[in-house]
$ cat coords-v6.pdb   # PDB, C-alpha atoms and all ligand atoms
MODEL        1
ATOM      1  CA  MET A   2       0.000   0.000   0.000
ATOM      2  CA  LYS A   3       1.273   3.469  -0.865
ATOM      3  CA  LYS A   4       2.194   5.445   2.233
ATOM      4  CA  TYR A   5      -0.162   8.355   2.884
ATOM      5  CA  THR A   6       1.396  11.793   3.272
ATOM      6  CA  TYR A   7      -0.425  14.123   5.640
ATOM      7  CA  ILE A   8      -0.492  17.849   4.945
ATOM      8  CA  SER A   9      -0.589  20.328   7.804
ATOM      9  CA  VAL A  10      -1.186  23.864   6.581
ATOM     10  CA  SER A  11       0.358  26.541   8.783
ATOM     11  CA  THR A  12      -1.458  29.567  10.162
ATOM     12  CA  ASP A  13       1.747  31.578  10.284
ATOM     13  CA  PRO A  14       1.410  33.613   7.069
ATOM     14  CA  ILE A  15      -1.917  35.089   8.314
ATOM     15  CA  LEU A  16      -1.969  38.030  10.678
ATOM     16  CA  SER A  17      -5.489  38.642  11.914
ATOM     17  CA  TYR A  18      -7.293  36.137  14.135
ATOM     18  CA  GLN A  19     -10.483  36.454  12.127
ATOM     19  CA  ASP A  20      -8.564  35.730   8.920
ATOM     20  CA  ILE A  21      -6.991  32.641  10.509
ATOM     21  CA  VAL A  22     -10.453  31.299  11.308
ATOM     22  CA  GLU A  23     -11.650  32.028   7.774
ATOM     23  CA  TYR A  24      -8.508  30.435   6.317
ATOM     24  CA  ALA A  25      -9.091  27.331   8.460
ATOM     25  CA  LYS A  26     -12.680  27.107   7.225
ATOM     26  CA  SER A  27     -11.587  27.447   3.613
ATOM     27  CA  LEU A  28      -9.125  24.550   4.020
ATOM     28  CA  GLN A  29     -11.683  22.024   5.286
ATOM     29  CA  GLY A  30     -11.643  18.938   3.105
ATOM     30  CA  LEU A  31      -8.337  19.961   1.544
ATOM     31  CA  THR A  32      -5.706  19.658   4.247
ATOM     32  CA  ASP A  33      -5.367  16.931   6.866
ATOM     33  CA  PHE A  34      -4.393  19.303   9.683
ATOM     34  CA  LEU A  35      -4.233  22.971  10.458
ATOM     35  CA  HIS A  36      -0.743  23.661  11.815
ATOM     36  CA  CYS A  37      -1.212  26.283  14.529
ATOM     37  CA  ASP A  38       2.050  28.138  15.150
ATOM     38  CA  VAL A  39       1.983  29.446  18.714
ATOM     39  CA  MET A  40       4.762  31.946  19.463
ATOM     40  CA  ASP A  41       5.303  33.784  22.737
ATOM     41  CA  GLY A  42       7.827  36.505  21.861
ATOM     42  CA  LYS A  43      10.421  34.746  24.067
ATOM     43  CA  PHE A  44      11.235  31.380  22.567
ATOM     44  CA  VAL A  45      11.032  33.149  19.200
ATOM     45  CA  PRO A  46      10.865  36.916  18.589
ATOM     46  CA  LYS A  47       7.306  36.985  17.258
ATOM     47  CA  THR A  48       4.118  36.680  19.330
ATOM     48  CA  THR A  49       1.084  35.059  17.743
ATOM     49  CA  PHE A  50      -1.890  33.639  19.669
ATOM     50  CA  ASP A  51      -2.717  31.261  22.498
ATOM     51  CA  TYR A  52      -5.255  28.553  23.411
ATOM     52  CA  ASN A  53      -8.155  31.019  23.082
ATOM     53  CA  LEU A  54      -7.741  31.132  19.334
ATOM     54  CA  ILE A  55      -7.315  27.352  19.188
ATOM     55  CA  LYS A  56     -10.676  27.082  20.936
ATOM     56  CA  THR A  57     -12.299  29.464  18.438
ATOM     57  CA  ILE A  58     -10.825  27.654  15.436
ATOM     58  CA  ASN A  59     -11.998  24.345  16.852
ATOM     59  CA  ALA A  60     -15.509  25.695  17.346
ATOM     60  CA  ASN A  61     -15.666  26.913  13.762
ATOM     61  CA  CYS A  62     -14.134  24.213  11.618
ATOM     62  CA  LEU A  63     -13.700  20.471  11.333
ATOM     63  CA  LEU A  64      -9.947  20.356  10.801
ATOM     64  CA  PRO A  65      -7.790  18.460  13.263
ATOM     65  CA  LEU A  66      -5.449  20.918  14.972
ATOM     66  CA  ASP A  67      -1.698  20.354  14.995
ATOM     67  CA  VAL A  68      -0.444  22.789  17.627
ATOM     68  CA  HIS A  69       3.242  23.726  17.437
ATOM     69  CA  LEU A  70       4.245  25.419  20.687
ATOM     70  CA  MET A  71       7.195  27.726  20.075
ATOM     71  CA  VAL A  72       7.081  28.993  23.649
ATOM     72  CA  SER A  73       9.604  29.089  26.465
ATOM     73  CA  GLU A  74       7.287  27.690  29.178
ATOM     74  CA  PRO A  75       5.164  25.059  27.430
ATOM     75  CA  ARG A  76       4.025  23.498  30.701
ATOM     76  CA  ASP A  77       2.124  26.591  31.788
ATOM     77  CA  ASP A  78      -0.753  26.212  29.360
ATOM     78  CA  ILE A  79      -0.739  22.579  28.204
ATOM     79  CA  LYS A  80      -3.997  21.888  30.032
ATOM     80  CA  LYS A  81      -5.652  24.835  28.268
ATOM     81  CA  TYR A  82      -4.482  23.622  24.835
ATOM     82  CA  ILE A  83      -5.887  20.184  25.574
ATOM     83  CA  GLU A  84      -9.214  21.694  26.669
ATOM     84  CA  ALA A  85      -9.230  23.937  23.594
ATOM     85  CA  GLY A  86      -9.300  20.833  21.390
ATOM     86  CA  ALA A  87      -5.761  20.373  20.097
ATOM     87  CA  ASN A  88      -5.263  17.004  18.383
ATOM     88  CA  ILE A  89      -1.465  17.092  18.345
ATOM     89  CA  ILE A  90       0.565  19.174  20.798
ATOM     90  CA  THR A  91       4.231  19.536  19.934
ATOM     91  CA  VAL A  92       6.701  20.999  22.398
ATOM     92  CA  HIS A  93      10.282  22.022  21.765
ATOM     93  CA  TYR A  94      13.099  19.985  23.291
ATOM     94  CA  GLU A  95      15.064  23.233  23.790
ATOM     95  CA  ALA A  96      12.312  24.804  25.909
ATOM     96  CA  PHE A  97      13.028  22.353  28.776
ATOM     97  CA  GLU A  98      16.063  22.976  30.888
ATOM     98  CA  ASP A  99      15.036  20.096  33.132
ATOM     99  CA  LYS A 100      14.494  17.163  30.786
ATOM    100  CA  ASN A 101      12.466  15.308  33.435
ATOM    101  CA  LYS A 102       9.850  17.982  32.875
ATOM    102  CA  LEU A 103       9.901  17.208  29.168
ATOM    103  CA  VAL A 104       9.193  13.545  29.907
ATOM    104  CA  GLU A 105       6.409  14.540  32.318
ATOM    105  CA  THR A 106       4.879  16.899  29.764
ATOM    106  CA  ILE A 107       4.828  14.281  27.015
ATOM    107  CA  LYS A 108       3.196  11.844  29.419
ATOM    108  CA  TYR A 109       0.673  14.455  30.519
ATOM    109  CA  ILE A 110      -0.360  15.177  26.934
ATOM    110  CA  LYS A 111      -0.718  11.478  26.100
ATOM    111  CA  ASP A 112      -2.585  10.710  29.307
ATOM    112  CA  HIS A 113      -5.179  13.225  28.148
ATOM    113  CA  ASN A 114      -5.630  11.374  24.857
ATOM    114  CA  VAL A 115      -3.914  13.978  22.750
ATOM    115  CA  LEU A 116      -1.033  13.118  20.421
ATOM    116  CA  ALA A 117       2.317  14.365  21.713
ATOM    117  CA  GLY A 118       5.126  15.693  19.562
ATOM    118  CA  ILE A 119       8.692  16.736  20.219
ATOM    119  CA  SER A 120      10.410  19.283  18.007
ATOM    120  CA  LEU A 121      14.050  20.099  17.488
ATOM    121  CA  LYS A 122      15.611  23.298  16.220
ATOM    122  CA  PRO A 123      18.087  23.203  13.333
ATOM    123  CA  GLU A 124      21.083  23.406  15.693
ATOM    124  CA  THR A 125      19.899  20.506  17.891
ATOM    125  CA  SER A 126      21.157  17.097  16.828
ATOM    126  CA  PHE A 127      18.836  14.121  16.739
ATOM    127  CA  LYS A 128      21.256  12.253  18.981
ATOM    128  CA  GLU A 129      20.403  14.678  21.765
ATOM    129  CA  ILE A 130      16.661  14.135  21.613
ATOM    130  CA  LYS A 131      16.763  10.392  20.859
ATOM    131  CA  PRO A 132      16.127   9.239  24.460
ATOM    132  CA  TYR A 133      12.823  11.167  24.465
ATOM    133  CA  CYS A 134      11.531   9.746  21.190
ATOM    134  CA  TYR A 135      10.393   6.352  22.444
ATOM    135  CA  ASP A 136       7.097   7.658  23.768
ATOM    136  CA  VAL A 137       6.122  10.367  21.337
ATOM    137  CA  ASP A 138       3.606  10.283  18.510
ATOM    138  CA  VAL A 139       5.374  12.868  16.352
ATOM    139  CA  VAL A 140       8.950  14.056  15.854
ATOM    140  CA  LEU A 141       8.855  17.485  14.248
ATOM    141  CA  VAL A 142      12.033  18.452  12.401
ATOM    142  CA  MET A 143      12.535  22.188  11.947
ATOM    143  CA  SER A 144      14.029  22.837   8.533
ATOM    144  CA  VAL A 145      14.220  26.613   9.151
ATOM    145  CA  THR A 146      14.936  28.690  12.245
ATOM    146  CA  PRO A 147      11.617  28.740  14.142
ATOM    147  CA  GLY A 148       9.780  32.033  14.127
ATOM    148  CA  ALA A 149       8.695  32.912  10.612
ATOM    149  CA  SER A 150       7.214  31.431   7.476
ATOM    150  CA  GLY A 151       8.672  32.092   4.050
ATOM    151  CA  GLN A 152      12.255  30.990   4.791
ATOM    152  CA  LYS A 153      14.309  28.735   2.537
ATOM    153  CA  PHE A 154      14.437  25.016   3.357
ATOM    154  CA  GLY A 155      17.644  24.096   5.189
ATOM    155  CA  ASN A 156      19.399  21.151   3.545
ATOM    156  CA  TYR A 157      20.778  20.042   6.926
ATOM    157  CA  ALA A 158      17.306  18.585   7.541
ATOM    158  CA  TYR A 159      17.775  15.806   4.943
ATOM    159  CA  PRO A 160      20.397  13.747   6.837
ATOM    160  CA  LYS A 161      18.540  14.405  10.092
ATOM    161  CA  ILE A 162      15.310  12.965   8.653
ATOM    162  CA  LYS A 163      17.212   9.921   7.361
ATOM    163  CA  GLU A 164      18.714   9.384  10.788
ATOM    164  CA  ILE A 165      15.321   9.673  12.482
ATOM    165  CA  ASP A 166      13.718   7.264  10.026
ATOM    166  CA  ALA A 167      16.545   4.744  10.527
ATOM    167  CA  PHE A 168      16.167   5.027  14.319
ATOM    168  CA  ARG A 169      12.406   4.517  14.003
ATOM    169  CA  LYS A 170      12.878   1.379  11.910
ATOM    170  CA  GLU A 171      15.635  -0.053  14.102
ATOM    171  CA  ASN A 172      13.483   0.330  17.194
ATOM    172  CA  GLN A 173      10.185  -0.521  15.521
ATOM    173  CA  LEU A 174       8.632   2.712  16.690
ATOM    174  CA  ASN A 175       5.489   4.185  15.226
ATOM    175  CA  PHE A 176       5.915   7.917  15.617
ATOM    176  CA  LYS A 177       5.297  10.107  12.591
ATOM    177  CA  ILE A 178       8.014  12.329  11.179
ATOM    178  CA  GLU A 179       6.856  15.872  10.480
ATOM    179  CA  VAL A 180       8.940  18.508   8.722
ATOM    180  CA  ASP A 181       8.353  22.220   9.126
ATOM    181  CA  GLY A 182       9.836  25.120   7.188
ATOM    182  CA  GLY A 183      10.440  25.819   3.516
ATOM    183  CA  VAL A 184       8.477  22.806   2.284
ATOM    184  CA  ASN A 185       7.356  23.214  -1.320
ATOM    185  CA  THR A 186       6.252  21.235  -4.359
ATOM    186  CA  GLU A 187       9.913  20.775  -5.369
ATOM    187  CA  ASN A 188      11.217  19.154  -2.182
ATOM    188  CA  ALA A 189       8.036  17.363  -0.999
ATOM    189  CA  LYS A 190       8.663  14.116  -2.880
ATOM    190  CA  LEU A 191      12.232  13.749  -1.657
ATOM    191  CA  LEU A 192      11.080  14.422   1.898
ATOM    192  CA  THR A 193       8.400  11.756   1.802
ATOM    193  CA  ASN A 194      10.834   9.316   0.188
ATOM    194  CA  LEU A 195      13.182   9.902   3.110
ATOM    195  CA  GLY A 196      10.435   8.951   5.557
ATOM    196  CA  VAL A 197       8.495  12.134   6.284
ATOM    197  CA  ASP A 198       4.801  11.489   7.031
ATOM    198  CA  ILE A 199       3.532  15.008   7.706
ATOM    199  CA  LEU A 200       4.505  18.001   5.596
ATOM    200  CA  VAL A 201       3.877  21.436   7.074
ATOM    201  CA  SER A 202       3.269  24.160   4.563
ATOM    202  CA  GLY A 203       2.941  27.862   5.283
ATOM    203  CA  SER A 204       3.706  30.134   2.382
ATOM    204  CA  CYS A 205       3.639  27.527  -0.400
ATOM    205  CA  VAL A 206      -0.077  26.860   0.178
ATOM    206  CA  TYR A 207      -0.989  30.368   1.298
ATOM    207  CA  LYS A 208       0.465  32.035  -1.795
ATOM    208  CA  ALA A 209      -0.953  29.527  -4.273
ATOM    209  CA  SER A 210      -3.680  30.699  -6.614
ATOM    210  CA  ASN A 211      -5.150  27.199  -6.477
ATOM    211  CA  ARG A 212      -4.623  25.879  -2.941
ATOM    212  CA  GLU A 213      -6.298  22.539  -3.579
ATOM    213  CA  GLU A 214      -3.955  21.810  -6.470
ATOM    214  CA  VAL A 215      -0.871  22.696  -4.442
ATOM    215  CA  ILE A 216      -1.964  20.616  -1.446
ATOM    216  CA  ASN A 217      -2.579  17.635  -3.715
ATOM    217  CA  SER A 218       0.757  18.093  -5.388
ATOM    218  CA  LEU A 219       2.543  18.278  -1.994
ATOM    219  CA  ARG A 220       0.797  15.068  -0.997
ATOM    220  CA  GLY A 221       2.048  13.421  -4.202
TER     221      GLY A 221
HETATM  222  C1  LIG B   1       8.146  28.570  11.445
HETATM  223  C2  LIG B   1       6.830  27.890  11.638
HETATM  224  C3  LIG B   1       6.373  27.198  10.413
HETATM  225  C4  LIG B   1       6.136  28.123   9.244
HETATM  226  C5  LIG B   1       6.189  27.347   7.961
HETATM  227  O1  LIG B   1       8.525  29.097  12.639
HETATM  228  O2  LIG B   1       6.935  26.912  12.632
HETATM  229  O3  LIG B   1       5.237  26.393  10.671
HETATM  230  O4  LIG B   1       4.932  28.793   9.331
HETATM  231  O5  LIG B   1       6.072  28.245   6.918
HETATM  232  P1  LIG B   1       6.761  28.005   5.500
HETATM  233  O6  LIG B   1       6.183  26.755   4.949
HETATM  234  O7  LIG B   1       6.429  29.227   4.721
HETATM  235  O8  LIG B   1       8.237  27.874   5.746
HETATM  236 ZN    ZN B   2       5.369  25.317  12.839
ENDMDL
END
$ encode --input "coords-v6.pdb" --output "structure tokens" --more "lines below"
Ligand code: DX5
Ligand code: ZN
Amino acid sequence: MKKYTYISVSTDPILSYQDIVEYAKSLQGLTDFLHCDVMDGKFVPKTTFDYNLIKTINANCLLPLDVHLMVSEPRDDIKKYIEAGANIITVHYEAFEDKNKLVETIKYIKDHNVLAGISLKPETSFKEIKPYCYDVDVVLVMSVTPGASGQKFGNYAYPKIKEIDAFRKENQLNFKIEVDGGVNTENAKLLTNLGVDILVSGSCVYKASNREEVINSLRG
């Protein structure tokens, strides 16, 4: 059976909350997930939105919500994101000074029947996060510096993805590999061939004159 590639369209290119909700509604039936980029102005320079908007999006559209927390204190609001209806909650490895708290947070998310993801910045090696990947549902590879859509894909992500896929196979793990940043119709096929299951797309889908066509072409 051909492997299915999930598409998670990012909210990041949109500025107003109302427009994000409208964008989400317009993507129903086209994308598999809405990738909600939460930024707190500390972990990354930009500030976006919090669980309140996740709640509003969830109340207004049918899309599963893939929440990417680019925040310095992810533990503070996890409960609120769960209550708001997030389907995947991904936290950054780098946001946890005390890695026991990272383990606790992943467990907390999963115990509440939400999928848990761990993300790593470009400068973090997979080796570092490996011990925490046995219990996650998603490993999200950043292929740009977190904080903004529209950046160029970083080629350093290719060997990282290969390494993660090899680790997954060796250990017979079932987590999904998600890649975020600079994904486009040119690199999508290579990424899925390397083992990526979920492609995040911000600007490539947002800028397209025919979004359905672009999403289908990303999916391959
Ligand atoms: C970057 C965000 C991404 C971003 C992707 O900090 O995490 O989700 O919006 O946008 P593109 O696809 O334009 O790189
Ligand atoms: Zn993201």
$ resolve_selection --input "coords-v6.pdb" --expression "the PyMOL selection byres (((chain A and resi 124) around 12) and not hetatm)" --output "PyMOL selection string"
chain A and resi 94-95+120-123+125-130+142-147+155+157-158+161
$ residues_around --input "coords-v6.pdb" --residues "Ala87 in chain A" --least-positions-apart "5" --cutoff "9 Å" --atoms "all atoms listed in the file" --output "number ranges by chain"
A: 52, 55-56, 59, 65-68, 82, 115-116
$ write_last_selection --input "coords-v6.pdb" --atoms "C-alpha atoms" --output "PDB file, in the coordinates of the input"
ATOM      1  CA  TYR A  52      -5.255  28.553  23.411  1.00  0.00           C
ATOM      2  CA  ILE A  55      -7.315  27.352  19.188  1.00  0.00           C
ATOM      3  CA  LYS A  56     -10.676  27.082  20.936  1.00  0.00           C
ATOM      4  CA  ASN A  59     -11.998  24.345  16.852  1.00  0.00           C
ATOM      5  CA  PRO A  65      -7.790  18.460  13.263  1.00  0.00           C
ATOM      6  CA  LEU A  66      -5.449  20.918  14.972  1.00  0.00           C
ATOM      7  CA  ASP A  67      -1.698  20.354  14.995  1.00  0.00           C
ATOM      8  CA  VAL A  68      -0.444  22.789  17.627  1.00  0.00           C
ATOM      9  CA  TYR A  82      -4.482  23.622  24.835  1.00  0.00           C
ATOM     10  CA  VAL A 115      -3.914  13.978  22.750  1.00  0.00           C
ATOM     11  CA  LEU A 116      -1.033  13.118  20.421  1.00  0.00           C
TER      12      LEU A 116
END
$ resolve_selection --input "coords-v6.pdb" --expression "the PyMOL selection byres (((chain A and resi 133) around 10) and not hetatm)" --output "VMD selection string"
chain A and resid 94 100 to 101 103 to 104 107 119 129 to 132 134 to 137 140
$ atom_distance --input "coords-v6.pdb" --atom1 "CA of Phe44 in chain A" --atom2 "CA of Leu192 in chain A"
26.7 Å
$ closest_residue --input "coords-v6.pdb" --among "A:Leu31, A:Leu54, A:Ala85, A:Leu141" --to "ligand LIG 1 (chain B)" --atoms "only C-alpha atoms and all ligand atoms"
A:Leu141
$ resolve_selection --input "coords-v6.pdb" --expression "the PyMOL selection byres (((chain A and resi 62-64) around 10) and not hetatm)" --output "MDAnalysis selection string"
chainID A and resid 9 22:36 57:61 65:67 88
$ atom_distance --input "coords-v6.pdb" --atom1 "CA of Asn185 in chain A" --atom2 "CA of Leu219 in chain A"
6.9 Å
$ closest_atom_pairs --input "coords-v6.pdb" --of "chain A" --to "ligand LIG 1 (chain B)" --cutoff "6 Å" --atoms "all atoms listed in the file" --output "tab-separated table"
residue	atom	partner	partner_atom	distance
A:Ser11	CA	B:LIG1	O4	5.1
A:Asp13	CA	B:LIG1	O4	4.3
A:Asp38	CA	B:LIG1	O2	5.6
A:Pro147	CA	B:LIG1	O1	3.5
A:Gly148	CA	B:LIG1	O1	3.5
A:Ala149	CA	B:LIG1	O1	4.3
A:Ser150	CA	B:LIG1	O5	3.4
A:Gly151	CA	B:LIG1	O7	3.7
A:Gln152	CA	B:LIG1	O8	5.2
A:Asp181	CA	B:LIG1	O3	5.4
A:Gly182	CA	B:LIG1	O8	3.5
A:Gly183	CA	B:LIG1	O8	3.7
A:Val184	CA	B:LIG1	O6	5.3
A:Ser202	CA	B:LIG1	O6	3.9
A:Gly203	CA	B:LIG1	O6	3.4
A:Ser204	CA	B:LIG1	O7	3.7
A:Cys205	CA	B:LIG1	O6	6.0
$ residues_around --input "coords-v6.pdb" --residues "Lys163 in chain A" --least-positions-apart "6" --cutoff "10 Å" --atoms "only C-alpha atoms" --output "ChimeraX atom specification"
/A:169,192,194-197
$ closest_residue --input "coords-v6.pdb" --among "A:Glu84, A:Glu214, A:Asp198, A:Glu179" --to "ligand ZN 2 (chain B)" --atoms "all atoms listed in the file"
A:Glu179
